[in-house]
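S.K.: My structure is in start07.txt, and what it holds is compact mmCIF, C-alpha atoms and all ligand atoms:
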# COMPACT_ATOMS: atom_id res chain seq x y z
CA MET H 1346 -19.74 -9.77 -33.63
CA HIS H 1347 -16.79 -7.66 -32.79
CA ALA H 1348 -13.20 -8.75 -32.97
CA LEU H 1349 -11.22 -7.83 -29.92
CA THR H 1350 -8.24 -5.61 -30.47
CA GLU H 1351 -5.05 -6.11 -28.56
CA GLY H 1352 -5.97 -3.53 -25.97
CA GLU H 1353 -9.41 -4.97 -25.37
CA ARG H 1354 -8.29 -8.52 -24.89
CA LYS H 1355 -8.53 -9.67 -21.30
CA PHE H 1356 -5.16 -9.87 -19.70
CA MET H 1357 -4.74 -13.43 -18.57
CA THR H 1358 -2.18 -14.05 -15.93
CA ARG H 1359 -1.00 -17.35 -14.65
CA CYS H 1360 -0.89 -18.06 -10.94
CA GLU H 1361 2.69 -18.60 -9.86
CA VAL H 1362 1.73 -21.32 -7.41
CA CYS H 1363 -0.82 -23.57 -9.10
CA GLY H 1364 -0.46 -22.42 -12.71
CA ASN H 1365 -4.13 -21.53 -13.07
CA GLU H 1366 -4.79 -18.94 -15.79
CA TYR H 1367 -7.20 -16.36 -14.55
CA ASP H 1368 -8.23 -12.91 -15.69
CA LYS H 1369 -8.64 -11.60 -12.15
CA THR H 1370 -5.37 -12.60 -10.59
CA MET H 1371 -4.16 -10.50 -7.72
CA GLU H 1372 -0.85 -8.73 -8.09
CA LEU H 1373 1.37 -8.53 -5.05
CA VAL H 1374 4.51 -6.45 -5.19
CA VAL H 1375 7.26 -7.76 -2.96
CA ASN H 1376 10.51 -5.82 -2.88
CA GLY H 1377 9.56 -4.15 -6.13
CA ILE H 1378 8.88 -7.41 -7.97
CA SER H 1379 5.35 -8.25 -9.08
CA HIS H 1380 3.91 -11.64 -8.28
CA TYR H 1381 0.57 -12.95 -9.52
CA TYR H 1382 -1.78 -15.31 -7.75
CA ASP H 1383 -5.31 -16.48 -8.44
CA SER H 1384 -6.28 -16.71 -4.79
CA PHE H 1385 -5.27 -15.72 -1.30
CA GLU H 1386 -4.57 -19.36 -0.62
CA CYS H 1387 -1.91 -19.44 -3.32
CA ALA H 1388 -0.49 -16.07 -2.27
CA ILE H 1389 -0.21 -17.22 1.31
CA HIS H 1390 1.38 -20.47 0.21
CA ALA H 1391 4.02 -18.56 -1.73
CA LEU H 1392 4.68 -15.56 0.49
CA ALA H 1393 3.72 -16.18 4.09
CA PRO H 1394 6.60 -16.82 6.45
CA ILE H 1395 6.44 -19.98 8.55
CA CYS H 1396 6.43 -19.97 12.34
CA GLU H 1397 9.72 -21.35 13.62
CA HIS H 1398 7.97 -23.04 16.50
CA CYS H 1399 4.71 -24.55 15.30
CA GLY H 1400 5.29 -24.45 11.56
CA CYS H 1401 2.04 -22.71 10.66
CA LYS H 1402 1.81 -20.04 7.96
CA ILE H 1403 1.98 -16.58 9.46
CA ILE H 1404 -0.83 -14.57 7.92
CA GLY H 1405 -1.32 -12.12 10.77
CA HIS H 1406 1.17 -9.68 12.20
CA GLY H 1407 3.37 -12.33 13.73
CA VAL H 1408 6.48 -11.52 15.67
CA GLU H 1409 10.10 -11.46 14.63
CA ALA H 1410 12.94 -12.38 16.95
CA ALA H 1411 16.60 -12.74 16.06
CA GLY H 1412 15.74 -13.07 12.37
CA ASN H 1413 13.16 -15.81 12.96
CA PHE H 1414 9.43 -15.39 12.47
CA TYR H 1415 6.78 -16.66 14.84
CA CYS H 1416 3.03 -16.65 14.51
CA CYS H 1417 2.59 -15.25 18.02
CA ALA H 1418 4.53 -14.16 21.08
CA HIS H 1419 3.75 -17.46 22.75
CA CYS H 1420 5.57 -19.41 20.05
CA ALA H 1421 8.52 -17.02 20.24
CA SER H 1422 8.73 -17.48 24.00
CA GLN H 1423 8.62 -21.26 23.55
CA LYS H 1424 11.79 -20.87 21.49
CA GLY H 1425 13.43 -18.76 24.15
CA ALA H 1426 12.81 -15.30 22.70
CA MET H 1427 12.03 -13.17 25.72
CA GLY H 1428 10.23 -9.90 26.13
CA LEU H 1429 8.04 -10.17 23.05
CA HIS H 1430 4.45 -9.13 22.90
CA ASP H 1431 1.93 -9.56 20.16
CA ARG H 1432 1.60 -6.48 18.01
CA GLY H 1433 -1.62 -5.12 16.67
ZN ZN H 1501 -3.14 -20.52 -7.65
ZN ZN H 1502 3.49 -20.63 15.99
Please go through the file and, once you have read it, give me the structure as structure tokens.
M.R.:
Amino acid sequence: MHALTEGERKFMTRCEVCGNEYDKTMELVVNGISHYYDSFECAIHALAPICEHCGCKIIGHGVEAAGNFYCCAHCASQKGAMGLHDRG
């Protein structure tokens, strides 16, 4: 039996989305601020922009037009943004 010292204790972090405490949360730094999530699903829920046209979460490259985000060039063109092509 061995009592854990402060340094040995597992660092439990709470997911910002669902509140789950987990010792293997992922840390994502956005604009210099750390955010903690227990899963990609929660990270996407919190951080992914939403397509202005179809409303889906943008988890790929997406496209940006006039300050709006779209999941693909097709959605952007449906909203009247011309001359866009999928990146990547
Ligand atoms: Zn979560
Ligand atoms: Zn879309």
S.K.: Residues contacting ligand ZN 1501 (chain H) - anything with an atom at most 8 Å away, using only C-alpha atoms and all ligand atoms - can you give me those as a list in words?
M.R.: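 Checking only C-alpha atoms and all ligand atoms against ligand ZN 1501 (chain H) at 8 Å gives Arg1359, Cys1360, Glu1361, Val1362, Cys1363, Gly1364, Asn1365, Tyr1382, Asp1383, Ser1384, Glu1386, Cys1387 and Ala1388 of chain H.
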S.K.: For each of H:Ala1411, H:Met1357, H:Ala1393, H:Cys1399, take the minimum atom-to-atom distance to ligand ZN 1502 (chain H), counting all atoms listed in the file, then give the residue where this is smallest.
M.R.: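 Selected residue with least distance to ligand ZN 1502 (chain H): H:Cys1399.
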S.K.: Within 10 Å of Leu1392 of chain H, counting all atoms listed in the file, which residues qualify if same-chain residues fewer than 4 places away don't, as a PDB file with C-alpha atoms, in the coordinates of the input?
M.R.:
ATOM      1  CA  LEU H1373       1.370  -8.530  -5.050  1.00  0.00           C
ATOM      2  CA  VAL H1375       7.260  -7.760  -2.960  1.00  0.00           C
ATOM      3  CA  HIS H1380       3.910 -11.640  -8.280  1.00  0.00           C
ATOM      4  CA  CYS H1387      -1.910 -19.440  -3.320  1.00  0.00           C
ATOM      5  CA  ALA H1388      -0.490 -16.070  -2.270  1.00  0.00           C
ATOM      6  CA  LYS H1402       1.810 -20.040   7.960  1.00  0.00           C
ATOM      7  CA  ILE H1403       1.980 -16.580   9.460  1.00  0.00           C
ATOM      8  CA  ILE H1404      -0.830 -14.570   7.920  1.00  0.00           C
TER       9      ILE H1404
END
S.K.: Which residue out of H:Pro1394, H:Glu1372, H:Ser1379, H:Gly1400 has the minimum interatomic distance to Gly1412 of chain H when only C-alpha atoms are used?
M.R.: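 Nearest to Gly1412 of chain H: H:Pro1394.
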S.K.: Need the shell around Thr1358 of chain H: protein/DNA/RNA residues with any atom at most 8 Å away, counting only C-alpha atoms. Skip same-chain ones fewer than 5 positions apart. Format as a list in words?
M.R.: Glu1366, Tyr1367, Asp1368, Lys1369, Thr1370 and Tyr1381 of chain H
S.K.: Could I get the residue neighbourhood of ligand ZN 1502 (chain H) at 12 Å, counting all atoms listed in the file, as a PDB file with C-alpha atoms, keeping the file's coordinate frame?
M.R.:
ATOM      1  CA  PRO H1394       6.600 -16.820   6.450  1.00  0.00           C
ATOM      2  CA  ILE H1395       6.440 -19.980   8.550  1.00  0.00           C
ATOM      3  CA  CYS H1396       6.430 -19.970  12.340  1.00  0.00           C
ATOM      4  CA  GLU H1397       9.720 -21.350  13.620  1.00  0.00           C
ATOM      5  CA  HIS H1398       7.970 -23.040  16.500  1.00  0.00           C
ATOM      6  CA  CYS H1399       4.710 -24.550  15.300  1.00  0.00           C
ATOM      7  CA  GLY H1400       5.290 -24.450  11.560  1.00  0.00           C
ATOM      8  CA  CYS H1401       2.040 -22.710  10.660  1.00  0.00           C
ATOM      9  CA  LYS H1402       1.810 -20.040   7.960  1.00  0.00           C
ATOM     10  CA  ILE H1403       1.980 -16.580   9.460  1.00  0.00           C
ATOM     11  CA  ILE H1404      -0.830 -14.570   7.920  1.00  0.00           C
ATOM     12  CA  GLY H1405      -1.320 -12.120  10.770  1.00  0.00           C
ATOM     13  CA  HIS H1406       1.170  -9.680  12.200  1.00  0.00           C
ATOM     14  CA  GLY H1407       3.370 -12.330  13.730  1.00  0.00           C
ATOM     15  CA  VAL H1408       6.480 -11.520  15.670  1.00  0.00           C
ATOM     16  CA  GLU H1409      10.100 -11.460  14.630  1.00  0.00           C
ATOM     17  CA  ASN H1413      13.160 -15.810  12.960  1.00  0.00           C
ATOM     18  CA  PHE H1414       9.430 -15.390  12.470  1.00  0.00           C
ATOM     19  CA  TYR H1415       6.780 -16.660  14.840  1.00  0.00           C
ATOM     20  CA  CYS H1416       3.030 -16.650  14.510  1.00  0.00           C
ATOM     21  CA  CYS H1417       2.590 -15.250  18.020  1.00  0.00           C
ATOM     22  CA  ALA H1418       4.530 -14.160  21.080  1.00  0.00           C
ATOM     23  CA  HIS H1419       3.750 -17.460  22.750  1.00  0.00           C
ATOM     24  CA  CYS H1420       5.570 -19.410  20.050  1.00  0.00           C
ATOM     25  CA  ALA H1421       8.520 -17.020  20.240  1.00  0.00           C
ATOM     26  CA  SER H1422       8.730 -17.480  24.000  1.00  0.00           C
ATOM     27  CA  GLN H1423       8.620 -21.260  23.550  1.00  0.00           C
ATOM     28  CA  LYS H1424      11.790 -20.870  21.490  1.00  0.00           C
ATOM     29  CA  ASP H1431       1.930  -9.560  20.160  1.00  0.00           C
TER      30      ASP H1431
END
S.K.: Can you tell me, as lines of an AutoDock Vina configuration file, the centre and edge lengths (Å, one decimal) of the axis-aligned box enclosing all of segment 1392-1409 of chain H's listed atoms after padding each side by 6 Å?
M.R.:
center_x = 4.4
center_y = -17.1
center_z = 8.5
size_x = 23.4
size_y = 26.9
size_z = 28.0
